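What follows is input.txt (compact mmCIF, C-alpha atoms and all ligand atoms).
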# COMPACT_ATOMS: atom_id res chain seq x y z
CA MET A 2 102.35 171.16 13.64
CA TYR A 3 102.96 168.37 16.12
CA ARG A 4 99.31 168.30 17.03
CA GLN A 5 98.59 167.26 13.43
CA LEU A 6 100.25 163.96 14.26
CA LEU A 7 97.27 163.21 16.40
CA PHE A 8 95.18 163.01 13.28
CA SER A 9 97.63 161.70 10.73
CA TYR A 10 99.14 158.74 12.55
CA ILE A 11 96.27 157.20 14.43
CA TYR A 12 96.07 153.65 13.17
CA VAL A 13 92.80 152.84 14.83
CA ASN A 14 90.55 154.97 16.95
CA ALA A 15 88.68 153.74 19.97
CA THR A 16 85.57 152.82 18.02
CA CYS A 17 87.21 150.80 15.30
CA LEU A 18 89.57 149.24 17.87
CA LEU A 19 86.64 147.29 19.16
CA LYS A 20 85.88 146.00 15.67
CA CYS A 21 89.41 145.10 14.66
CA LEU A 22 90.40 142.96 17.64
CA LEU A 23 89.49 139.71 15.99
CA LEU A 24 91.77 140.60 13.12
CA LEU A 25 94.55 141.30 15.64
CA ARG A 26 94.14 137.85 17.12
CA ARG A 27 94.60 136.31 13.67
CA LEU A 28 97.83 138.27 13.25
CA CYS A 29 99.52 136.68 16.29
CA THR A 30 102.34 134.71 14.77
CA SER A 31 101.55 131.29 16.12
CA CYS A 32 97.97 131.53 14.88
CA VAL A 33 98.82 131.96 11.21
CA PRO A 34 102.39 130.80 10.68
CA SER A 35 101.82 130.12 7.02
CA VAL A 36 100.87 133.70 6.25
CA PHE A 37 103.53 135.39 8.33
CA CYS A 38 106.45 132.98 8.35
CA THR A 39 108.40 135.09 5.92
CA GLU A 40 107.19 138.61 6.64
CA TRP A 41 106.89 138.40 10.43
CA CYS A 42 108.48 135.12 11.52
CA ASP A 43 110.84 135.06 14.53
CA GLN A 44 113.93 136.03 12.51
CA ALA A 45 112.11 138.70 10.52
CA ARG A 46 110.70 140.17 13.74
CA GLY A 47 114.19 140.52 15.17
CA ARG A 48 115.48 142.24 12.02
CA ILE A 49 112.50 144.60 11.79
CA MET A 50 112.74 145.50 15.47
CA MET A 51 116.44 146.36 14.96
CA LYS A 52 115.46 148.63 12.08
CA PHE A 53 112.74 150.20 14.23
CA ALA A 54 115.40 150.92 16.90
CA ASP A 55 117.67 152.55 14.28
CA LEU A 56 114.79 154.77 13.15
CA ILE A 57 114.21 155.85 16.75
CA ASP A 58 117.86 156.89 17.07
CA GLU A 59 117.69 158.75 13.75
CA ASN A 60 114.59 160.63 14.93
CA ALA A 61 115.71 161.11 18.54
CA GLU A 62 115.60 164.93 18.42
CA GLU A 63 112.10 164.97 16.97
CA LEU A 64 110.88 162.41 19.50
CA ALA A 65 112.44 164.21 22.45
CA ALA A 66 110.77 167.43 21.21
CA LEU A 67 107.39 165.67 21.20
CA ASP A 68 107.84 164.46 24.79
CA THR A 69 109.00 167.95 25.79
CA ILE A 70 105.87 169.52 24.27
CA ASP A 71 103.59 166.96 25.89
CA ALA A 72 105.13 166.30 29.28
CA GLY A 73 107.02 169.56 29.77
CA LYS A 74 110.17 167.60 30.54
CA LEU A 75 113.62 168.92 29.74
CA PHE A 76 114.54 168.26 26.10
CA SER A 77 117.95 166.93 27.15
CA LEU A 78 116.38 164.50 29.64
CA GLY A 79 113.86 163.36 27.05
CA LYS A 80 116.59 162.57 24.53
CA SER A 81 118.78 160.79 27.01
CA PRO A 82 117.99 158.72 28.96
CA ASP A 83 114.38 158.31 27.81
CA ILE A 84 114.69 157.97 24.01
CA ALA A 85 118.13 156.35 24.15
CA LEU A 86 116.81 153.80 26.65
CA SER A 87 113.83 153.13 24.35
CA SER A 88 115.90 152.09 21.34
CA GLY A 89 118.20 150.08 23.64
CA ILE A 90 115.26 148.13 25.05
CA LEU A 91 113.93 147.45 21.56
CA ARG A 92 117.33 146.09 20.44
CA TYR A 93 117.57 143.90 23.54
CA TYR A 94 114.26 142.20 22.73
CA ALA A 95 114.99 142.10 18.98
CA GLY A 96 117.79 139.72 19.88
CA ALA A 97 115.37 137.56 21.86
CA ALA A 98 112.75 137.15 19.14
CA ASP A 99 114.28 133.97 17.67
CA LYS A 100 115.37 132.48 20.99
CA ILE A 101 111.98 131.71 22.50
CA HIS A 102 111.60 127.97 22.88
CA GLY A 103 110.05 125.32 25.06
CA GLU A 104 111.39 122.17 26.68
CA THR A 105 111.41 118.44 26.03
CA LEU A 106 109.84 116.53 28.90
CA LYS A 107 110.24 112.96 30.10
CA MET A 108 106.86 111.62 31.03
CA SER A 109 106.18 108.41 32.89
CA GLY A 110 105.14 105.35 30.90
CA GLU A 111 105.64 105.32 27.18
CA LEU A 112 104.82 108.94 26.65
CA GLN A 113 106.88 111.95 25.76
CA ALA A 114 106.03 115.64 25.69
CA TYR A 115 107.35 118.97 24.62
CA THR A 116 106.24 122.48 25.42
CA LEU A 117 105.59 125.36 23.06
CA ARG A 118 105.81 128.95 24.27
CA GLU A 119 103.12 130.69 22.26
CA PRO A 120 102.21 134.37 22.08
CA ILE A 121 99.44 135.16 24.53
CA GLY A 122 97.39 136.86 21.79
CA VAL A 123 96.12 140.43 21.66
CA VAL A 124 97.71 142.66 24.29
CA GLY A 125 96.50 146.03 25.59
CA HIS A 126 99.21 148.32 26.97
CA ILE A 127 98.13 151.27 29.12
CA ILE A 128 100.96 153.78 29.56
CA PRO A 129 101.42 156.71 31.99
CA TRP A 130 102.77 160.20 31.25
CA ASN A 131 105.99 160.30 33.28
CA PHE A 132 108.26 158.38 30.86
CA PRO A 133 106.15 158.30 27.69
CA SER A 134 108.86 156.75 25.51
CA SER A 135 110.75 154.28 27.66
CA ILE A 136 107.63 152.87 29.32
CA PHE A 137 106.08 152.49 25.85
CA PHE A 138 109.05 150.33 24.81
CA MET A 139 109.30 148.42 28.10
CA ASN A 140 105.83 147.17 27.22
CA VAL A 141 105.80 146.97 23.45
CA SER A 142 109.25 145.41 22.86
CA PRO A 143 108.83 142.05 24.66
CA ALA A 144 105.28 141.78 23.28
CA LEU A 145 106.60 142.25 19.72
CA ALA A 146 109.42 139.77 20.31
CA SER A 147 106.90 137.22 21.60
CA GLY A 148 104.79 137.52 18.45
CA CYS A 149 101.78 139.22 20.03
CA THR A 150 99.67 141.91 18.39
CA MET A 151 98.83 144.93 20.48
CA VAL A 152 96.86 148.06 21.15
CA VAL A 153 98.77 150.76 23.01
CA LYS A 154 97.02 153.59 24.83
CA PRO A 155 99.42 156.36 25.84
CA ALA A 156 98.45 158.73 28.65
CA GLU A 157 96.08 161.49 27.55
CA GLN A 158 98.76 164.03 28.49
CA THR A 159 101.48 162.47 26.30
CA PRO A 160 100.12 160.92 23.09
CA LEU A 161 102.46 162.46 20.51
CA SER A 162 105.58 160.32 20.71
CA ALA A 163 103.46 157.15 20.77
CA LEU A 164 101.79 158.21 17.52
CA TYR A 165 105.17 158.93 16.01
CA TYR A 166 106.38 155.48 17.11
CA ALA A 167 103.43 153.92 15.25
CA HIS A 168 104.56 155.80 12.15
CA LEU A 169 108.18 154.60 12.57
CA ALA A 170 106.98 151.03 13.17
CA LYS A 171 105.29 151.05 9.78
CA GLN A 172 108.42 152.50 8.16
CA ALA A 173 110.52 149.76 9.78
CA GLY A 174 108.30 147.08 8.24
CA ILE A 175 106.08 145.95 11.10
CA PRO A 176 103.01 144.56 9.32
CA ASN A 177 99.82 146.59 9.48
CA GLY A 178 97.70 145.70 12.47
CA VAL A 179 100.50 144.38 14.70
CA LEU A 180 101.23 147.59 16.62
CA ASN A 181 98.25 149.90 17.02
CA VAL A 182 98.12 153.15 18.97
CA ILE A 183 94.88 154.63 20.17
CA THR A 184 94.66 157.91 22.03
CA GLY A 185 92.02 158.75 24.58
CA PHE A 186 91.18 159.17 28.24
CA GLY A 187 91.48 156.51 30.93
CA PRO A 188 87.84 155.98 31.90
CA THR A 189 86.86 155.57 28.22
CA ALA A 190 89.68 154.26 25.99
CA GLY A 191 91.66 152.72 28.89
CA ALA A 192 88.60 151.11 30.44
CA ALA A 193 87.53 149.74 27.02
CA ILE A 194 90.85 147.90 26.79
CA ALA A 195 90.66 146.57 30.34
CA SER A 196 87.15 145.18 29.90
CA HIS A 197 87.24 144.03 26.28
CA MET A 198 86.39 140.39 25.66
CA ASP A 199 88.82 140.04 22.74
CA ILE A 200 91.90 141.32 24.51
CA ASP A 201 93.87 138.49 26.10
CA LYS A 202 96.21 140.46 28.34
CA VAL A 203 96.54 143.96 29.75
CA SER A 204 99.84 145.40 30.86
CA PHE A 205 99.19 148.50 32.94
CA THR A 206 101.63 151.05 34.34
CA GLY A 207 100.21 153.83 36.51
CA SER A 208 98.62 154.54 39.87
CA THR A 209 97.59 151.90 42.39
CA GLU A 210 93.99 153.22 42.34
CA VAL A 211 93.62 152.77 38.58
CA GLY A 212 95.52 149.45 38.69
CA ARG A 213 92.80 148.17 41.01
CA LEU A 214 90.11 149.23 38.49
CA VAL A 215 91.97 147.51 35.66
CA MET A 216 92.21 144.31 37.69
CA GLN A 217 88.48 144.45 38.48
CA ALA A 218 87.62 144.99 34.80
CA ALA A 219 89.86 142.10 33.76
CA ALA A 220 88.20 139.83 36.31
CA THR A 221 84.64 140.74 35.42
CA SER A 222 85.16 140.56 31.64
CA ASN A 223 87.11 137.60 30.25
CA LEU A 224 89.60 136.93 33.08
CA LYS A 225 92.32 138.34 30.86
CA HIS A 226 95.88 138.08 32.11
CA ILE A 227 97.17 141.25 33.68
CA SER A 228 100.40 142.71 34.90
CA LEU A 229 100.51 145.88 36.97
CA GLU A 230 103.37 148.25 37.61
CA LEU A 231 102.11 150.68 40.21
CA GLY A 232 103.27 153.32 42.66
CA GLY A 233 105.95 152.99 45.28
CA LYS A 234 107.39 154.32 48.49
CA SER A 235 110.98 153.60 47.70
CA PRO A 236 113.26 154.12 50.69
CA LEU A 237 116.84 155.32 50.35
CA ILE A 238 118.77 153.99 53.35
CA ILE A 239 122.00 155.86 54.06
CA PHE A 240 124.39 154.13 56.45
CA ASP A 241 126.89 156.06 58.53
CA ASP A 242 129.84 154.97 56.38
CA ALA A 243 128.30 156.25 53.12
CA ASP A 244 129.79 158.92 50.88
CA VAL A 245 127.89 162.03 52.06
CA ASP A 246 128.27 163.99 48.79
CA LYS A 247 126.85 161.10 46.80
CA ALA A 248 123.99 160.77 49.27
CA ALA A 249 123.12 164.44 48.88
CA ASP A 250 123.12 164.10 45.08
CA LEU A 251 120.81 161.11 45.11
CA ALA A 252 118.36 162.25 47.77
CA LEU A 253 115.35 165.63 44.79
CA VAL A 254 112.95 169.53 42.81
CA ASP A 255 110.70 172.32 41.94
CA LYS A 256 108.18 174.61 43.64
CA THR A 257 105.48 171.93 43.84
CA GLN A 258 107.91 169.44 45.30
CA TYR A 259 109.29 172.11 47.65
CA ASP A 260 105.80 172.83 49.05
CA ARG A 261 105.11 169.12 49.32
CA ILE A 262 108.30 168.45 51.28
CA LEU A 263 107.61 171.32 53.71
CA SER A 264 104.12 169.98 54.27
CA TYR A 265 105.53 166.52 55.09
CA ILE A 266 107.90 168.13 57.60
CA GLU A 267 104.91 169.83 59.28
CA HIS A 268 103.06 166.49 59.38
CA GLY A 269 106.07 164.83 60.99
CA LYS A 270 106.16 167.45 63.74
CA ARG A 271 102.40 167.28 64.33
CA GLU A 272 102.44 163.47 64.52
CA GLY A 273 105.05 163.58 67.30
CA ALA A 274 108.38 162.85 65.57
CA THR A 275 111.33 164.76 67.04
CA LEU A 276 113.00 167.21 64.67
CA LEU A 277 116.72 166.74 65.28
CA THR A 278 117.95 169.22 62.68
CA GLY A 279 116.75 171.25 59.66
CA GLY A 280 113.08 171.47 58.79
CA LYS A 281 113.12 174.95 57.19
CA PRO A 282 113.68 176.46 53.72
CA TRP A 283 117.35 177.14 52.99
CA GLY A 284 118.62 180.35 51.33
CA GLU A 285 116.63 183.12 49.64
CA LYS A 286 116.66 181.83 46.06
CA GLY A 287 115.51 178.56 44.51
CA TYR A 288 113.63 175.74 46.16
CA TYR A 289 116.13 174.52 48.72
CA ILE A 290 115.29 172.89 52.01
CA GLU A 291 117.65 172.31 54.91
CA PRO A 292 118.78 168.69 55.29
CA THR A 293 116.18 167.47 57.77
CA ILE A 294 116.48 164.61 60.21
CA PHE A 295 113.72 163.23 62.41
CA THR A 296 114.06 160.80 65.30
CA ASP A 297 111.31 158.90 67.14
CA VAL A 298 109.59 158.16 63.84
CA LYS A 299 106.87 155.50 64.08
CA ASP A 300 105.95 153.31 61.11
CA SER A 301 102.37 154.62 61.26
CA MET A 302 103.45 158.24 60.65
CA LEU A 303 102.95 159.86 57.23
CA ILE A 304 106.67 160.64 56.86
CA ALA A 305 107.39 156.92 57.27
CA ARG A 306 104.63 155.73 54.93
CA ASP A 307 104.74 158.18 51.99
CA GLU A 308 107.42 158.78 49.39
CA ILE A 309 108.79 162.28 50.19
CA PHE A 310 111.38 162.79 47.42
CA GLY A 311 113.36 165.30 49.47
CA PRO A 312 116.16 165.69 52.01
CA VAL A 313 114.04 164.40 54.85
CA MET A 314 115.49 161.48 56.72
CA SER A 315 114.54 159.43 59.73
CA LEU A 316 117.35 158.47 62.05
CA MET A 317 117.49 154.78 62.95
CA LYS A 318 119.91 153.28 65.45
CA THR A 319 120.19 149.73 64.13
CA ILE A 320 120.12 147.88 60.80
CA ASP A 321 117.06 145.96 61.98
CA GLU A 322 115.23 149.21 62.64
CA ALA A 323 116.09 150.45 59.15
CA ILE A 324 114.88 147.19 57.56
CA THR A 325 111.64 147.19 59.56
CA SER A 326 110.95 150.77 58.61
CA ALA A 327 111.74 150.18 54.92
CA ASN A 328 109.31 147.26 54.90
CA ALA A 329 106.59 149.09 56.82
CA THR A 330 104.88 150.26 53.66
CA ARG A 331 102.23 148.66 51.51
CA TYR A 332 104.46 149.26 48.49
CA GLY A 333 107.55 147.44 47.29
CA LEU A 334 108.78 148.90 44.01
CA ALA A 335 112.40 149.82 44.76
CA ALA A 336 114.88 150.72 47.47
CA GLY A 337 118.34 152.28 47.62
CA ILE A 338 121.18 151.51 50.02
CA LEU A 339 124.25 153.69 50.44
CA THR A 340 127.07 151.98 52.28
CA ASN A 341 130.62 150.79 51.76
CA ASN A 342 130.05 147.77 53.98
CA LEU A 343 129.42 144.65 51.87
CA ASN A 344 127.84 142.73 54.74
CA VAL A 345 125.35 145.51 55.35
CA ALA A 346 124.59 145.86 51.62
CA ASN A 347 123.94 142.12 51.23
CA THR A 348 121.91 141.76 54.42
CA VAL A 349 119.70 144.72 53.74
CA SER A 350 119.15 143.99 50.03
CA ARG A 351 117.95 140.47 50.88
CA SER A 352 115.68 141.69 53.67
CA ILE A 353 113.80 144.43 51.86
CA ARG A 354 110.64 143.36 50.05
CA ALA A 355 111.02 145.35 46.84
CA GLY A 356 111.44 144.48 43.15
CA ILE A 357 114.77 146.23 42.69
CA ILE A 358 117.49 147.28 45.14
CA TRP A 359 120.06 149.87 44.14
CA ILE A 360 123.32 149.69 46.10
CA ASN A 361 125.35 152.93 45.96
CA CYS A 362 123.28 154.15 43.01
CA TYR A 363 119.65 155.05 42.46
CA PHE A 364 117.12 154.75 39.63
CA ALA A 365 119.50 152.77 37.42
CA ILE A 366 117.41 151.01 34.76
CA ASP A 367 118.49 149.03 31.72
CA GLY A 368 117.05 146.59 29.19
CA ASP A 369 118.32 143.41 30.83
CA CYS A 370 117.47 144.19 34.45
CA PRO A 371 113.92 143.19 35.50
CA PHE A 372 111.85 145.99 37.05
CA GLY A 373 108.53 145.70 38.87
CA GLY A 374 106.91 145.64 42.25
CA TYR A 375 106.28 143.52 45.31
CA LYS A 376 103.12 144.01 47.38
CA MET A 377 100.86 146.88 46.24
CA SER A 378 103.43 148.09 43.73
CA GLY A 379 102.06 145.44 41.39
CA PHE A 380 103.09 142.16 39.85
CA GLY A 381 104.79 140.97 36.68
CA ARG A 382 108.14 142.30 35.55
CA ASN A 383 109.15 144.71 32.84
CA LEU A 384 112.59 144.38 31.24
CA GLY A 385 114.93 141.44 31.21
CA MET A 386 114.08 137.96 29.92
CA ASP A 387 111.44 137.67 32.68
CA ALA A 388 109.25 140.18 30.83
CA LEU A 389 108.87 137.80 27.88
CA ASP A 390 106.90 135.44 30.14
CA LYS A 391 104.17 138.07 30.45
CA TYR A 392 103.43 137.73 26.75
CA LEU A 393 103.78 133.98 26.33
CA GLN A 394 101.86 130.98 27.45
CA VAL A 395 102.99 127.41 27.62
CA LYS A 396 101.31 124.65 25.68
CA SER A 397 102.22 121.03 26.43
CA VAL A 398 102.12 118.58 23.55
CA VAL A 399 101.99 114.94 24.67
CA THR A 400 102.54 111.97 22.40
CA PRO A 401 103.28 108.23 22.81
CA ILE A 402 106.89 107.34 22.11
CA TYR A 403 105.84 104.31 20.10
CA ASN A 404 102.88 103.85 17.83
CA SER A 405 99.66 104.51 19.65
CA PRO A 406 97.27 101.52 19.89
CA TRP A 407 94.35 103.89 19.12
P1 LIG B 501 99.35 158.63 36.79
O1 LIG B 501 98.92 159.04 38.15
O2 LIG B 501 100.75 158.16 36.69
O3 LIG B 501 98.94 159.58 35.70
P2 LIG B 501 97.07 156.97 36.16
O4 LIG B 501 96.85 155.66 36.80
O5 LIG B 501 96.11 158.06 36.47
O6 LIG B 501 98.57 157.29 36.52
O7 LIG B 501 97.12 156.83 34.57
C1 LIG B 501 97.92 155.89 33.92
C2 LIG B 501 97.23 155.43 32.64
O8 LIG B 501 96.00 154.81 33.00
C3 LIG B 501 96.87 156.56 31.67
O9 LIG B 501 97.07 156.10 30.34
C4 LIG B 501 95.39 156.77 31.94
O10 LIG B 501 94.68 157.29 30.82
C5 LIG B 501 94.94 155.34 32.22
N1 LIG B 501 93.68 155.23 32.99
C6 LIG B 501 93.15 156.13 33.85
N2 LIG B 501 91.96 155.68 34.32
C7 LIG B 501 91.74 154.47 33.76
C8 LIG B 501 90.71 153.48 33.86
N3 LIG B 501 89.63 153.66 34.63
N4 LIG B 501 90.83 152.34 33.16
C9 LIG B 501 91.92 152.12 32.38
N5 LIG B 501 92.92 153.01 32.24
C10 LIG B 501 92.86 154.17 32.90
Hey, can you dump this file as structure tokens for me?
Ligand code: ADP
Amino acid sequence: MYRQLLFSYIYVNATCLLKCLLLLRRLCTSCVPSVFCTEWCDQARGRIMMKFADLIDENAEELAALDTIDAGKLFSLGKSPDIALSSGILRYYAGAADKIHGETLKMSGELQAYTLREPIGVVGHIIPWNFPSSIFFMNVSPALASGCTMVVKPAEQTPLSALYYAHLAKQAGIPNGVLNVITGFGPTAGAAIASHMDIDKVSFTGSTEVGRLVMQAAATSNLKHISLELGGKSPLIIFDDADVDKAADLALVDKTQYDRILSYIEHGKREGATLLTGGKPWGEKGYYIEPTIFTDVKDSMLIARDEIFGPVMSLMKTIDEAITSANATRYGLAAGILTNNLNVANTVSRSIRAGIIWINCYFAIDGDCPFGGYKMSGFGRNLGMDALDKYLQVKSVVTPIYNSPW
């Protein structure tokens, strides 16, 4: 039954996407204010987005079921945090829709100027499979609030909830053509978005390898704006004063991950790190691994460079060593610090080159807190007011203060 959604709620398919992009550009609010000032003006957008968020909450069970079918994730985890976070993000940006404004500028001479913050135009969103709902709304919500029109391509593994969101968007009152979902594979549908001459911006979330391809396609087509949220190697630094139970909770977990962790431990040993303790499976049932600590870890080793997602730690003697090691990666998405020492928490959080630092917590994400990477984890921020900037551009309007002589 759910598969039927694939056919019933597709607003545009990949072929007609390419034909309808000019129409999408005309729908951007600043382009045709006279047509949309009542139906889709700033205030109306905010109200409609609020209604959209209510519809998501009303359909949360259905939506979580779709993500469970597609991504195989636990129903309970799909419903909360993923779906609950989605409607929360939408409400956050609904409140911002009528608060986007420019500045008045003092120019030299007898001139004055003001700036307009206009929607960037037609946006392409390319979404991965791991959080099909919340990443959809991290992208779509600020773009809607900014007055952009958009084409969203969910991951080929997880298209169902995105199609259902398109259906709910229509029910909420979003005008036809503003929010379009196309399904398809990356090298075809995704690549068509990245290289299309009538798309003004691409917001991509996914792997670093594909992010590079998207950036190349943007550069060789129309130099469209892009933002990339890519992979990470997010260190969790546990200081000796930390709460050990909390640390154990935050640090993993299935058979695939279990095999992966054991293979990293083998790599560590082969590359010359000293195994201080652990390193073996623990118990007869389940996928447990002994808490494992290495010393003599060099930044060039795989266990220092890759994200392990398991109870495998490297022992550092000083704070400087920990900071150097945390920064010795090409990525910079996130980092966690567990300590009760405020000086240590402040010093380390300011020294690590990553887009978000969690102190005594991990993977805490909310609508108002910007999220995105440093270095090869990408650029541009999702969430928070900063994300609106991705979908707006600034126009300066200059005029003489007194009557112009011309
Ligand atoms: P992950 O490893 O998280 O699945 P991917 O980077 O492979 O991340 O995929 C993320 C999104 O990028 C998916 O929607 C996928 O279809 C899309 N994608 C994959 N290849 C390309 C490509 N060449 N151009 C544009 N999008 C692509």
**Request:** Residues within 6 Å of ligand LIG 501 (chain B), counting only C-alpha atoms and all ligand atoms: report them as a ChimeraX atom specification.
**Result:** /A:127-130,155-157,186-188,191-192,207-208,211,214-215
Selection above as a file: C-alpha atoms, as a compact mmCIF listing (two decimals), in the coordinates of the input:
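File out-v2.txt, as written:
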# COMPACT_ATOMS: atom_id res chain seq x y z
CA ILE A 127 98.13 151.27 29.12
CA ILE A 128 100.96 153.78 29.56
CA PRO A 129 101.42 156.71 31.99
CA TRP A 130 102.77 160.20 31.25
CA PRO A 155 99.42 156.36 25.84
CA ALA A 156 98.45 158.73 28.65
CA GLU A 157 96.08 161.49 27.55
CA PHE A 186 91.18 159.17 28.24
CA GLY A 187 91.48 156.51 30.93
CA PRO A 188 87.84 155.98 31.90
CA GLY A 191 91.66 152.72 28.89
CA ALA A 192 88.60 151.11 30.44
CA GLY A 207 100.21 153.83 36.51
CA SER A 208 98.62 154.54 39.87
CA VAL A 211 93.62 152.77 38.58
CA LEU A 214 90.11 149.23 38.49
CA VAL A 215 91.97 147.51 35.66
Please provide the set of residues having any atom within 7 Å of segment 228-245 of chain A, restricted to only C-alpha atoms, with same-chain residues fewer than 3 positions apart removed, written as an MDAnalysis selection string. chainID A and resid 203:209 212 248:249 307:308 327 332:341 373:374 378:381
Find the nearest atom pair between each residue of segment 147-184 of chain A and segment 51-59 of chain A for residues within 8 Å, count all atoms listed in the file, give distances in Å to one decimal, sort rows by chain and ascending number, and present the table as JSON lines.
{"residue": "A:Tyr166", "atom": "CA", "partner": "A:Ile57", "partner_atom": "CA", "distance": 7.8}
{"residue": "A:Leu169", "atom": "CA", "partner": "A:Phe53", "partner_atom": "CA", "distance": 6.6}
{"residue": "A:Ala170", "atom": "CA", "partner": "A:Phe53", "partner_atom": "CA", "distance": 5.9}
{"residue": "A:Gln172", "atom": "CA", "partner": "A:Phe53", "partner_atom": "CA", "distance": 7.8}
{"residue": "A:Ala173", "atom": "CA", "partner": "A:Phe53", "partner_atom": "CA", "distance": 5.0}
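Ranking A:Met139, A:Met302, A:Ile200, A:Val399 by their shortest atom-to-atom distance to Asp387 of chain A, with only C-alpha atoms included, puts A:Met139 first.
For Pro371 of chain A, the list of residues within 7 Å, based on all atoms listed in the file and with local chain neighbours fewer than 3 positions off taken out, reads Arg382, Asn383, Leu384, Gly385 and Asp387 of chain A.
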Across A:Val152, A:Thr159, A:Ser135, A:Gly273, the smallest distance to Thr69 of chain A, with all atoms listed in the file counted, is shown by A:Thr159
Pick out the residues sitting within 12 Å of Asp300 of chain A, and hand them over as a PDB file with C-alpha atoms, in the frame of the given file; count only C-alpha atoms, and ignore anything fewer than 3 positions along from it in its own chain.
ATOM      1  CA  GLY A 269     106.070 164.830  60.990  1.00  0.00           C
ATOM      2  CA  GLU A 272     102.440 163.470  64.520  1.00  0.00           C
ATOM      3  CA  ALA A 274     108.380 162.850  65.570  1.00  0.00           C
ATOM      4  CA  THR A 296     114.060 160.800  65.300  1.00  0.00           C
ATOM      5  CA  ASP A 297     111.310 158.900  67.140  1.00  0.00           C
ATOM      6  CA  LEU A 303     102.950 159.860  57.230  1.00  0.00           C
ATOM      7  CA  ILE A 304     106.670 160.640  56.860  1.00  0.00           C
ATOM      8  CA  ALA A 305     107.390 156.920  57.270  1.00  0.00           C
ATOM      9  CA  ARG A 306     104.630 155.730  54.930  1.00  0.00           C
ATOM     10  CA  ASP A 307     104.740 158.180  51.990  1.00  0.00           C
ATOM     11  CA  SER A 315     114.540 159.430  59.730  1.00  0.00           C
ATOM     12  CA  MET A 317     117.490 154.780  62.950  1.00  0.00           C
ATOM     13  CA  GLU A 322     115.230 149.210  62.640  1.00  0.00           C
ATOM     14  CA  ALA A 323     116.090 150.450  59.150  1.00  0.00           C
ATOM     15  CA  ILE A 324     114.880 147.190  57.560  1.00  0.00           C
ATOM     16  CA  THR A 325     111.640 147.190  59.560  1.00  0.00           C
ATOM     17  CA  SER A 326     110.950 150.770  58.610  1.00  0.00           C
ATOM     18  CA  ALA A 327     111.740 150.180  54.920  1.00  0.00           C
ATOM     19  CA  ASN A 328     109.310 147.260  54.900  1.00  0.00           C
ATOM     20  CA  ALA A 329     106.590 149.090  56.820  1.00  0.00           C
ATOM     21  CA  THR A 330     104.880 150.260  53.660  1.00  0.00           C
ATOM     22  CA  ARG A 331     102.230 148.660  51.510  1.00  0.00           C
TER      23      ARG A 331
END
### Query
Looking at A:Met108, A:Ile90, A:Gly174, A:Met314, which one is nearest to Cys370 of chain A, with distances taken over only C-alpha atoms?
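Of A:Met108, A:Ile90, A:Gly174, A:Met314, the one nearest Cys370 of chain A is A:Ile90, counting only C-alpha atoms.
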re atom CA of Lys318 of chain A and atom CA of Lys299 of chain A: distance 13.3 Å
